[in-house]
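Trainee: Before I ask anything, let me first share the structure, which is written out below as structure tokens.
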Amino acid sequence: MEKTISRWPGKSVPPEGGPEHPAIYHMLDVAAVAERLIGPFGWDAALQDALVLLAALHDLGKIGEGFRAMLREGKAQPAGLHWEVTEALLRHHDTLIAERLGSTERYRLRLYAATAGHHGRPPTRDVVQLRRSLDSAGQEALADSARTIEAFLALWPKASLDGLDREGALALSWWLPGLVSAADWVGSNSAWFPPCDPTVPIAAYLERARDKAGMAVELAGLTVPAPSGGKLFDFDLRPMQAACAEVPLPDGPMLAVIEDETGVGKTEAALILAQRMMAAGKGRGLFFALPTMATANAMFARAQEVVSRMFAGPHSLVLAHGRARLSGPFRTLVARQSAGTDEPVCTEWLADNRRRALLANVGVGTVDQALLSILPTKFSTLRHFGLSSKILIVDEVHELGEPYMAAELAQLLRAHRMAGGSAILLTATLPMAQRKTLLAAYDHADSGDAAYPALTLSHGQVRREFPQQTGARGQVSVHRLPDPEAAVALLAERAGQGAACLWVRNAVDDAIAGVEALRAAGVEADLLHARFALCDRLRHETAALERFGKAREPRPGRVLVATQVVESSLDLDFDVMVSDLAPMAALIQRAGRLWRHMDRRPAAMRAVPAPLLHVVSPDPDSVEDDQWLHRVLDRGAWVYPLDLQWRTARVLFGIGRIEAPSGLRALIEAVHGADAEPVPGLLETAETERIGKGYSAANQAWRNVVVLEDGYRMGGAGAEDTKYPTRLGRPQKTLLLARWQAGRLVPHAGTEAGDMEDAWQLSEVQAAEHRLQGLDLPDQAAPEVAAMTAGWPEWRRAAVHVCPMAPDGEICTGLRYDPERGLL
């Protein structure tokens with residue numbers, strides 16, 4: 001029998017004429033890897049064997065005339081790809097499988113689809129198409145696939161699905177495809193599982209494969225280390241950190257919400273809690289989900305040392321976002337070899353693909369990487385599987401408050417809980433209504449208690465008795481400036497006194513105008529925003545950290561004009577702050593950069609006597625029409641909803657201060673809460689439009705996210721990541737800046753920025769598509785440009801526009817790039 005079933009090839013014949021790896025050997029390779037990957041999850045032994053058996057059968061469809069003809073003769077497979085044939089064969093042989101595995105037909109069919117759908121999307125063939133798949137496989141294949149199933153059942157004699165209920169089958173339908181995908185990617189590596197002649201009995205081959213799987217999983221960076229119980233931090237714990245170190249943990253999957261002011265060590269509190277959760281078996285690793293690439297980069301730099309203390313052995317660490325390879329610390333980590341230490345490592349296998357990154361023991365990335373696990377995108381289940389073993393830590397949750405991302409986050413938490421995962425949410429300014437929604441994802445009924453700071457554990461304790469005294473910087477007074485001209489005058493005066501000053505503007509064009517006005521007034525002023533090419537943005541960020549960071553000079557006498565990029569991504573410390581009017585949560589975040597490092601620069605060292613937030617805003621008591629804000633702010637008046645802006649001005653100027661932590665909850669709820677003050681009649685239309693757009697965005701999110709209750713076969717899909725956005729907003733176009741050198745195009749960043757691929761990535765800049773309409777952008781059919789883009793995939797050619805620049809930075813009439821001011 002074994003000789004018969006081993007005649008079906010699983011891989012193409014190697015070019016050098018080596019052996020043709022049989023399909024059953026490849027299937028056992030993958031099963032051996034699956035055993036390694038599933039072991040740490042602690043499943044019931046019979047169920048674990050059943051899942052490994054299903055993983056072994058993932059490529060049953062390679063036993064068929066269609067697949068063999070495709071490999072050997074290059075013929076198409078019109079009756080279905082091999083993984084689609086896998087589902088047809090498993091359904092056809094259900095009676096044979098049911099005799100051993102048990103359970104109900106409905107649950108088994110869910111798992112057959114999950115097993116087959118390991119190439120990034122579920123099988124969706126109807127009954128007629130499934131019949132065609134069976135016919136195309138041929139009678140010999142039908143017989144040999146049955147023999148393969150019988151042989152594999154003998155390898156895992158205790159496998160059983162008995163006891164699996166509806167919820168368990170539904171959860172496994174989403175989880176199992178990710179396990180099989182991960183195991184298949186490792187098991188398909190010919191360096192780890194080289195082709196083998198079909199002469200080894202399958203039981204003996206499985207033992208060989210198990211030995212190889214142990215080494216392969218280690219080389220891939222997927223070995224799961226034991227958690228360490230050692231002390232993470234040497235400093236005295238602050239109140240929230242102490243609470244996280246001692247609060248009793250509830251049984252089962254849990255969600256923790258940590259609410260505390262900016263700059264008090266919420267990240268350290270989360271790590272303390274996560275270490276205890278891992279020790280309690282609620283996870284075997286971590287994934288930090290941050291709002292932006294910049295915040296992810298900053299967290300990655302901070303995380304390396306502390307996560308090493310959380311594990312008792314070598315562990316993998318990955319930076320997960322679209323520009324991870326441009327991070328110096330990440331590149332250094334990838335290049336470093338383990339050498340048997342307990343320091344984190346990142347294998348090339350993990351670093352090679354963003355989807356694989358979520359399989360690492362510890363991941364740090366943008367929240368988008370996690371949100372893609374609940375969108376109907378290709379290999380979403382691989383992301384879901386990778387996250388399922390992690391304590392999911394979502395930082396700056398309040399930044400995910402807009403309706404589209406809020407709905408996505410709620411669904412992500414539901415899916416994570418369904419997989420048995422636990423999560424921690426960190427926030428300084430989360431509205432209580434959103435907290436209630438997020439806790440509901442773990443079936444926790446929020447009490448609605450407004451105490452702040454607060455630590456809430458789903459189905460567990462809620463800690464509210466935290467100190468209310470304001471920290472060393474004291475309360476931040478708030479003062480209104482009537483227009484940008486007043487801001488320029490104030491900043492010029494304070495910079496002249498030696499102060500480190502910041503002006504946060506809502507729009508890039510306003511930031512450019514602001515820095516030009518300050519320079520015209522003789523003030524040394526720097527500029528930072530998101531419309532720089534990445535090489536220039538990194539250069540400006542580095543300069544900002546040197547001039548205004550933790551180790552800055554006491555009295556630099558300088559101004560940084562920046563957009564929202566300074567709200568959370570950079571550790572900056574200013575004596576004086578001016579901000580355009582923004583919603584309350586944003587202003588509180590911005591104020592967190594004011595008088596930040598009091599241990600290094602106490603009040604006596606500051607150039608001003610007290611922290612004061614100056615807000616450029618019209619008078620909220622003088623609303624003459626719906627242009628109330630636009631008369632004072634230019635483009636920045638369009639960035640945030642007008643009704644929230646008015647409420648923020650009304651509340652903040654009325655109270656006249658930001659007092660943390662005692663006053664933060666009241667400030668947030670006064671703008672975002674159910675009892676917020678009505679807006680003036682002239683602004684009611686703006687409020688109605690905002691609410692309507694919010695409902696529309698939330699509805700779009702619920703239309704986009706996968707329907708967990710449908711199961712993987714009906715609810716999954718295989719769309720490209722770009723088809724289902726993780727965020728809404730005006731469409732952006734990527735401009736790739738190039739300059740002429742010796743008659744050829746070279747990247748704006750210069751080849752000294754690294755290898756050529758990195759230099760081109762560092763030369764990209766984003767622009768809103770609507771701002772580019774009507775401009776005569778460079779012709780992409782020009783010979784030099786066409787030669788550059790010849791090897792690009794279609795989606796990249798559609799999303800990226802190559803822009804050769806003249807020596808003065810002109811791209812076309814009406815569009816120019818300046819390394820010191822950005823895209824103009």
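Here, A, B, ... name the chains of the structure tokens in the order displayed, residue numbers run from 1 inside each chain, and ligands are numbered from 1 in the same displayed order.
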Residues at most 8 Å from segment 639-649 of chain A, counting only C-alpha atoms, excluding those fewer than 3 positions away in the same chain, as an mmCIF file with N, CA, C and O atoms, in the first residue's frame?
Mentor:
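Contents of the output file out.cif:
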```
data_model
loop_
_atom_site.group_PDB
_atom_site.id
_atom_site.type_symbol
_atom_site.label_atom_id
_atom_site.label_comp_id
_atom_site.auth_asym_id
_atom_site.auth_seq_id
_atom_site.Cartn_x
_atom_site.Cartn_y
_atom_site.Cartn_z
ATOM 1 N N ASN A 506 -2.245 71.837 13.013
ATOM 2 C CA ASN A 506 -3.100 70.731 12.581
ATOM 3 C C ASN A 506 -2.832 70.280 11.148
ATOM 4 O O ASN A 506 -3.161 69.156 10.791
ATOM 5 N N ALA A 507 -2.283 71.147 10.316
ATOM 6 C CA ALA A 507 -2.095 70.838 8.898
ATOM 7 C C ALA A 507 -0.661 71.154 8.482
ATOM 8 O O ALA A 507 -0.039 72.090 9.001
ATOM 9 N N LEU A 581 -6.090 74.793 17.924
ATOM 10 C CA LEU A 581 -7.210 74.131 18.579
ATOM 11 C C LEU A 581 -7.411 72.742 17.980
ATOM 12 O O LEU A 581 -7.445 72.574 16.760
ATOM 13 N N ALA A 582 -7.539 71.746 18.842
ATOM 14 C CA ALA A 582 -7.756 70.360 18.445
ATOM 15 C C ALA A 582 -8.703 69.736 19.466
ATOM 16 O O ALA A 582 -8.926 70.299 20.542
ATOM 17 N N PRO A 583 -9.292 68.588 19.166
ATOM 18 C CA PRO A 583 -10.163 67.940 20.139
ATOM 19 C C PRO A 583 -9.448 67.674 21.454
ATOM 20 O O PRO A 583 -8.216 67.553 21.502
ATOM 21 N N MET A 584 -10.215 67.552 22.509
ATOM 22 C CA MET A 584 -9.670 67.492 23.862
ATOM 23 C C MET A 584 -8.597 66.415 24.019
ATOM 24 O O MET A 584 -7.529 66.673 24.604
ATOM 25 N N SER A 617 -7.108 79.825 18.900
ATOM 26 C CA SER A 617 -8.525 79.497 18.746
ATOM 27 C C SER A 617 -9.368 80.761 18.762
ATOM 28 O O SER A 617 -9.042 81.733 19.460
ATOM 29 N N ASP A 619 -12.901 82.732 19.905
ATOM 30 C CA ASP A 619 -13.661 82.736 21.155
ATOM 31 C C ASP A 619 -14.888 81.830 20.997
ATOM 32 O O ASP A 619 -15.713 82.050 20.116
ATOM 33 N N PRO A 620 -15.027 80.781 21.819
ATOM 34 C CA PRO A 620 -16.185 79.903 21.677
ATOM 35 C C PRO A 620 -17.509 80.589 22.025
ATOM 36 O O PRO A 620 -18.579 80.067 21.693
ATOM 37 N N LEU A 629 -14.308 78.716 13.082
ATOM 38 C CA LEU A 629 -12.920 78.299 13.244
ATOM 39 C C LEU A 629 -12.059 78.654 12.038
ATOM 40 O O LEU A 629 -10.870 78.954 12.165
ATOM 41 N N ARG A 635 -5.942 75.763 6.770
ATOM 42 C CA ARG A 635 -6.253 74.371 6.438
ATOM 43 C C ARG A 635 -6.491 73.539 7.692
ATOM 44 O O ARG A 635 -7.202 72.535 7.655
ATOM 45 N N GLY A 636 -5.898 73.917 8.794
ATOM 46 C CA GLY A 636 -6.061 73.160 10.034
ATOM 47 C C GLY A 636 -7.469 73.142 10.567
ATOM 48 O O GLY A 636 -7.805 72.306 11.415
ATOM 49 N N LEU A 652 -12.416 73.824 27.782
ATOM 50 C CA LEU A 652 -11.043 74.049 28.223
ATOM 51 C C LEU A 652 -10.803 75.495 28.628
ATOM 52 O O LEU A 652 -10.173 75.764 29.664
ATOM 53 N N PHE A 653 -11.320 76.447 27.861
ATOM 54 C CA PHE A 653 -11.123 77.844 28.235
ATOM 55 C C PHE A 653 -11.976 78.211 29.442
ATOM 56 O O PHE A 653 -11.633 79.112 30.215
ATOM 57 N N GLY A 654 -13.098 77.494 29.609
ATOM 58 C CA GLY A 654 -13.924 77.741 30.793
ATOM 59 C C GLY A 654 -13.240 77.287 32.062
ATOM 60 O O GLY A 654 -13.257 77.977 33.086
ATOM 61 N N ALA A 670 -16.657 65.726 28.920
ATOM 62 C CA ALA A 670 -17.360 66.969 28.584
ATOM 63 C C ALA A 670 -17.406 67.201 27.082
ATOM 64 O O ALA A 670 -18.279 67.918 26.582
ATOM 65 N N VAL A 671 -16.494 66.576 26.347
ATOM 66 C CA VAL A 671 -16.476 66.707 24.886
ATOM 67 C C VAL A 671 -17.080 65.484 24.216
ATOM 68 O O VAL A 671 -17.843 65.586 23.255
ATOM 69 N N HIS A 672 -16.758 64.286 24.717
ATOM 70 C CA HIS A 672 -17.148 63.051 24.043
ATOM 71 C C HIS A 672 -18.254 62.285 24.757
ATOM 72 O O HIS A 672 -18.751 61.298 24.216
ATOM 73 N N ALA A 676 -22.539 65.798 27.029
ATOM 74 C CA ALA A 676 -21.800 66.946 26.504
ATOM 75 C C ALA A 676 -22.747 68.093 26.187
ATOM 76 O O ALA A 676 -23.902 67.893 25.792
ATOM 77 N N GLU A 677 -22.257 69.306 26.368
ATOM 78 C CA GLU A 677 -23.066 70.501 26.151
ATOM 79 C C GLU A 677 -23.486 70.623 24.685
ATOM 80 O O GLU A 677 -22.689 70.363 23.785
ATOM 81 N N VAL A 679 -24.111 72.123 21.048
ATOM 82 C CA VAL A 679 -23.360 73.133 20.302
ATOM 83 C C VAL A 679 -24.305 74.260 19.903
ATOM 84 O O VAL A 679 -25.534 74.090 19.879
ATOM 85 N N LEU A 683 -23.761 75.620 14.490
ATOM 86 C CA LEU A 683 -22.835 74.500 14.297
ATOM 87 C C LEU A 683 -23.548 73.153 14.309
ATOM 88 O O LEU A 683 -22.896 72.108 14.213
ATOM 89 N N GLU A 684 -24.866 73.162 14.424
ATOM 90 C CA GLU A 684 -25.606 71.899 14.510
ATOM 91 C C GLU A 684 -25.480 71.078 13.228
ATOM 92 O O GLU A 684 -25.413 69.851 13.273
ATOM 93 N N ALA A 686 -22.898 70.891 11.304
ATOM 94 C CA ALA A 686 -21.594 70.225 11.349
ATOM 95 C C ALA A 686 -21.647 68.999 12.254
ATOM 96 O O ALA A 686 -21.073 67.953 11.934
ATOM 97 N N GLU A 687 -22.353 69.128 13.370
ATOM 98 C CA GLU A 687 -22.467 67.986 14.285
ATOM 99 C C GLU A 687 -23.259 66.852 13.640
ATOM 100 O O GLU A 687 -22.882 65.678 13.723
ATOM 101 N N ARG A 690 -21.110 65.094 11.183
ATOM 102 C CA ARG A 690 -20.106 64.235 11.838
ATOM 103 C C ARG A 690 -20.733 62.930 12.313
ATOM 104 O O ARG A 690 -20.186 61.840 12.092
#
```
Trainee: Using only C-alpha atoms, which residues sit within 9 Å of Arg531 of chain A once same-chain residues fewer than 5 positions away are excluded, as number ranges by chain?
Mentor: A: 508, 537, 765-767, 821-824
Trainee: So which residues touch Pro807 of chain A within 10 Å, counting only C-alpha atoms, skipping near sequence neighbours fewer than 4 positions away, as a count of residues only?
Mentor: 3
Trainee: As a list in words, please: all residues of segment 294-329 of chain A that backbone DSSP puts in strand (DSSP E).
Mentor: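 Reading the DSSP output for segment 294-329 of chain A, strand (DSSP E) covers His315, Ser316, Leu317, Val318, Leu319 and Ala320 of chain A.
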Trainee: For atom CA of Ala143 of chain A and atom CA of Val30 of chain A, determine how far apart the two atoms are, in Å to one decimal place.
Mentor: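 Straight-line distance from atom CA of Ala143 of chain A to atom CA of Val30 of chain A works out to 22.5 Å.
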Trainee: Considering only C-alpha atoms, state which residue in the set A:Lys550, A:Arg166, A:Arg131, A:Lys723 is at the smallest distance from Ser103 of chain A.
Mentor: A:Arg166
Trainee: Please determine, counting only C-alpha atoms, which residue among A:Val561, A:Cys196, A:Leu490, A:Met277 has the shortest atom-to-atom distance to Ala511 of chain A.
Mentor: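 Among the listed residues, A:Val561 lies closest to Ala511 of chain A.
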Trainee: Looking at A:Gly74, A:Gly401, A:Gly263, A:Gly39, which one is nearest to Ala472 of chain A, with distances taken over only C-alpha atoms?
Mentor: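 Ranked by minimum distance to Ala472 of chain A, first place goes to A:Gly263.
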Trainee: Using only C-alpha atoms, which of the listed residues (A:Ser173, A:Leu71, A:Asp626, A:His321) sits closest to Leu109 of chain A?
Mentor: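 Looking only at the distances to Leu109 of chain A, the closest residue turns out to be A:Ser173.
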Trainee: Can you tell me, as a ChimeraX atom specification, which residues in segment 497-658 of chain A count as helix (DSSP H, G or I) by DSSP?
Mentor: /A:508-520,534-548,564-566,584-591,603-605,635-638,642-655
Trainee: In Å, how far is it from atom CA of Pro194 of chain A to atom CA of Leu142 of chain A?
Mentor: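 Interatomic distance, atom CA of Pro194 of chain A to atom CA of Leu142 of chain A: 27.4 Å.
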Trainee: What does the distance between atom CA of His597 of chain A and atom CA of Arg464 of chain A come to in Å, to one decimal place?
Mentor: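 According to the coordinates, atom CA of His597 of chain A and atom CA of Arg464 of chain A are separated by 26.2 Å.
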Trainee: Need to verify the contact set: Arg284 of chain A, 9 Å, only C-alpha atoms, exclusion of same-chain residues closer than 4 positions in sequence. Can you return it as a ChimeraX atom specification?
Mentor: /A:40-41,224-227,278-279,361,389-391
Trainee: Find the spatial neighbours of Leu54 of chain A, counting only C-alpha atoms, within a cut-off of 12 Å - ignore same-chain residues fewer than 4 positions away - and output them as an MDAnalysis selection string.
Mentor: chainID A and resid 27:28 30:32 34:35 47:50 58:60 86:87 90 97 101 108:118 149 152:153 156 159:161 172:173 176:177 179:180 183
